[in-house]
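Chemist: Provided herewith is a single structure, encoded as structure tokens, for subsequent inquiry.
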Amino acid sequence: MNDPLHFLASVLPLLWLIDAGRYLVAAGLMTAVVAVFWRAGLAARKLQARNATTGDIRREILLSLRTTVIFALATAAVLVAARHGWLTIYWSFRHAGPLYLLLTLPLMLVAHDTWFYWTHRAMHHRRLFRLFHRTHHLSRTPTPWAAYSFAIPEALVQAAFVPLFLLAVPMHEVGIALFLGIQIVRNVMGHCGAEIHPAVFGPGRWLGWATTTTHHDLHHETGRYNYGLYFRWWDRLMGTEHPDYRRKFESFAARQIPPNLRFQAHDVRNGLR
């Protein structure tokens with residue numbers, strides 16, 4: 001009993017720094033990208049007339065940092081379980097080669113999208129919403145900083161996915177790291193407040209199976225519909241996709257960002273002088 005507790009205490013600060021750092025870097029970079037391209041035409045793709053307030057952003061950051069503590073605890077629990085043989089993590093390619101990684105990473109993403117859709121939809125039930133999900137929907141006009149802005153019960157639900165998946169499917173450490181990177185990048189993209197996806201992500205196009213910023217922003221704006229994270233599959237199958245999603249996405253995607261950004265680079269250089 002003492003050994004696991006000692007191990008948890010020794011690794012938890014580092015794990016929290018990694019989780020918090022991943023969130024801060026992803027949300028910060030997404031915020032910077034939106035700011036850099038705003039004057040170049042991205043402002044035309046702003047999804048809501050309302051602007052998030054400074055108070056909104058402060059709340060999102062503080063709650064997200066609290067969530068990273070819970071995620072760090074889950075990661076520590078995974079490491080303890082791996083040390084005791086309760087689940088399997090491959091630490092090198094000797095036991096599971098690159099092909100295994102290429103097969104299991106997409107499987108983990110599909111499984112996570114399924115977990116996210118059904119738990120997310122369940123948390124919108126009137127008997128669960130206030131306890132689990134109301135905190136996240138305080139971000140009616142979300143920003144990238146809202147990515148992990150969860151109540152503690154919702155954070156626990158989201159943190160449970162990786163341990164449960166690893167109990168069923170052994171993963172390479174590289175696959176877990178890639179998964180964690182992909183999920184936070186897709187998360188901040190969905191909350192960035194302006195449509196950054198090109199028209200090829202529209203319904204009926206060859207990348208139309210993926211969600212877009214418009215897709216998730218409609219969920220925040222209406223409090224209904226569009227429960228998926230990476231893919232539109234479950235929303236389409238279960239009839240929970242916003243009925244006006246196609247029109248709205250195509251409308252925003254048609255507002256082209258000018259390809260020639262030289263004027264903006266000139267402005268940036270002048271601002272640095």
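Going by the structure tokens order, chains are called A, B, ..., each with residues numbered from 1, while ligands are numbered from 1 in the order shown.
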Give me the stretch 125-210 of chain A side of the contact with stretch 9-27 of chain A, cut-off 12 Å, one line per residue showing its nearest atom pair and distance in Å at one decimal, counting only C-alpha atoms, sorted by chain and residue number, as CSV.

Modeler:
```
residue,atom,partner,partner_atom,distance
A:Pro142,CA,A:Ala27,CA,11.8
A:Thr143,CA,A:Ala27,CA,8.5
A:Pro144,CA,A:Ala27,CA,5.0
A:Trp145,CA,A:Ala27,CA,5.5
A:Ala146,CA,A:Ala27,CA,8.5
A:Ala147,CA,A:Ala27,CA,7.7
A:Tyr148,CA,A:Tyr23,CA,8.0
A:Ser149,CA,A:Tyr23,CA,10.9
A:Ala159,CA,A:Asp19,CA,11.7
A:Ala177,CA,A:Arg22,CA,10.7
A:Leu178,CA,A:Arg22,CA,11.7
A:Leu180,CA,A:Arg22,CA,8.7
A:Gly181,CA,A:Arg22,CA,7.6
A:Ile182,CA,A:Ala26,CA,10.1
A:Gln183,CA,A:Ala26,CA,10.3
A:Ile184,CA,A:Ala26,CA,6.8
A:Val185,CA,A:Ala26,CA,6.1
A:Arg186,CA,A:Ala26,CA,9.5
A:Asn187,CA,A:Ala27,CA,8.9
A:Val188,CA,A:Ala27,CA,5.8
A:Met189,CA,A:Ala27,CA,8.6
A:Gly190,CA,A:Ala27,CA,10.9
A:His191,CA,A:Ala27,CA,9.4
A:Cys192,CA,A:Ala27,CA,8.7
```

Chemist: Within 8 Å of stretch 207-222 of chain A, counting only C-alpha atoms, which residues show up once you throw out same-chain ones fewer than 2 positions away? Write them as a ChimeraX atom specification, please.

Modeler: /A:47,137,139-142,189-197,200-205,224-233,242,245,248-249

Chemist: Point out the residue among A:Ala199, A:Ala122, A:Leu99, A:Ala151 with the least atom-to-atom distance to A:Leu63, counting only C-alpha atoms.

Modeler: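 For A:Leu63, the nearest of the given residues is A:Ala151.
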
Chemist: Apply DSSP to the backbone of this structure and, from stretch 69-270 of chain A, keep only the residues in strand (DSSP E or B); write these as an mmCIF file with N, CA and C atoms, in the first residue's frame.

Modeler:
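Wrote states-v2.cif, looks like this:
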```
data_model
loop_
_atom_site.group_PDB
_atom_site.id
_atom_site.type_symbol
_atom_site.label_atom_id
_atom_site.label_comp_id
_atom_site.auth_asym_id
_atom_site.auth_seq_id
_atom_site.Cartn_x
_atom_site.Cartn_y
_atom_site.Cartn_z
ATOM 1 N N ILE A 89 1.240 -1.399 -21.065
ATOM 2 C CA ILE A 89 1.762 -0.318 -21.888
ATOM 3 C C ILE A 89 3.090 -0.790 -22.464
ATOM 4 N N TYR A 90 3.236 -0.705 -23.774
ATOM 5 C CA TYR A 90 4.493 -1.088 -24.417
ATOM 6 C C TYR A 90 5.427 0.114 -24.414
ATOM 7 N N MET A 171 -1.548 -0.493 -25.278
ATOM 8 C CA MET A 171 -1.116 0.586 -26.161
ATOM 9 C C MET A 171 0.371 0.832 -26.005
ATOM 10 N N HIS A 172 0.982 1.299 -27.088
ATOM 11 C CA HIS A 172 2.355 1.755 -27.028
ATOM 12 C C HIS A 172 2.371 3.143 -26.404
ATOM 13 N N ALA A 194 -14.056 30.776 -34.319
ATOM 14 C CA ALA A 194 -14.099 31.158 -35.737
ATOM 15 C C ALA A 194 -13.853 29.892 -36.552
ATOM 16 N N ALA A 210 -15.609 14.545 -40.542
ATOM 17 C CA ALA A 210 -14.988 15.114 -39.342
ATOM 18 C C ALA A 210 -15.804 16.300 -38.833
ATOM 19 N N PHE A 231 -15.724 13.086 -34.888
ATOM 20 C CA PHE A 231 -16.447 12.616 -36.065
ATOM 21 C C PHE A 231 -17.932 12.943 -35.960
#
```

Chemist: Might you pull out every residue within 9 Å of A:Leu156, with only C-alpha atoms counted and same-chain residues fewer than 6 positions away left off, and present them as an MDAnalysis selection string?

Modeler: chainID A and resid 67 70:71 74

Chemist: With N, CA and C atoms kept, could you save the residues just selected as a PDB file, in the first residue's frame?

Modeler:
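Saved to result.pdb:
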```pdb
ATOM      1  N   THR A  67      -9.023  20.740 -13.870  1.00  0.00           N
ATOM      2  CA  THR A  67      -9.234  19.482 -14.568  1.00  0.00           C
ATOM      3  C   THR A  67      -7.928  18.753 -14.823  1.00  0.00           C
ATOM      4  N   ILE A  70      -6.993  16.419 -12.121  1.00  0.00           N
ATOM      5  CA  ILE A  70      -7.717  15.143 -12.174  1.00  0.00           C
ATOM      6  C   ILE A  70      -7.143  14.254 -13.268  1.00  0.00           C
ATOM      7  N   PHE A  71      -6.809  14.838 -14.414  1.00  0.00           N
ATOM      8  CA  PHE A  71      -6.192  14.055 -15.484  1.00  0.00           C
ATOM      9  C   PHE A  71      -4.839  13.505 -15.047  1.00  0.00           C
ATOM     10  N   ALA A  74      -5.371  10.512 -12.928  1.00  0.00           N
ATOM     11  CA  ALA A  74      -5.724   9.353 -13.756  1.00  0.00           C
ATOM     12  C   ALA A  74      -4.483   8.772 -14.419  1.00  0.00           C
TER      13      ALA A  74
END
```

Chemist: Restricting the calculation to only C-alpha atoms, which member of A:Pro198, A:Phe129, A:Ala253, A:His136 is positioned closest to A:Glu60?

Modeler: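 With only C-alpha atoms as the atom set, the closest residue is A:His136.
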
Chemist: Give me, please, the distance in Å between atom CA of A:Met123 and atom CA of A:Ala168, quoted to one decimal.

Modeler: 24.3 Å

Chemist: Ranking A:Val157, A:Leu79, A:Leu65, A:Ala43 by minimum distance to A:Trp118 and counting only C-alpha atoms, which one comes first?

Modeler: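 So, comparing all the options, the nearest one is A:Val157.
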
Chemist: Please compute the atom CA of A:Thr53-atom CA of A:Ala155 distance, one decimal, in Å.

Modeler: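 So the two atoms, atom CA of A:Thr53 and atom CA of A:Ala155, lie 23.5 Å apart.
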
Chemist: What's the separation between atom CA of A:Thr240 and atom CA of A:Gln48, in Å to one decimal place?

Modeler: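 It comes out at 21.1 Å.
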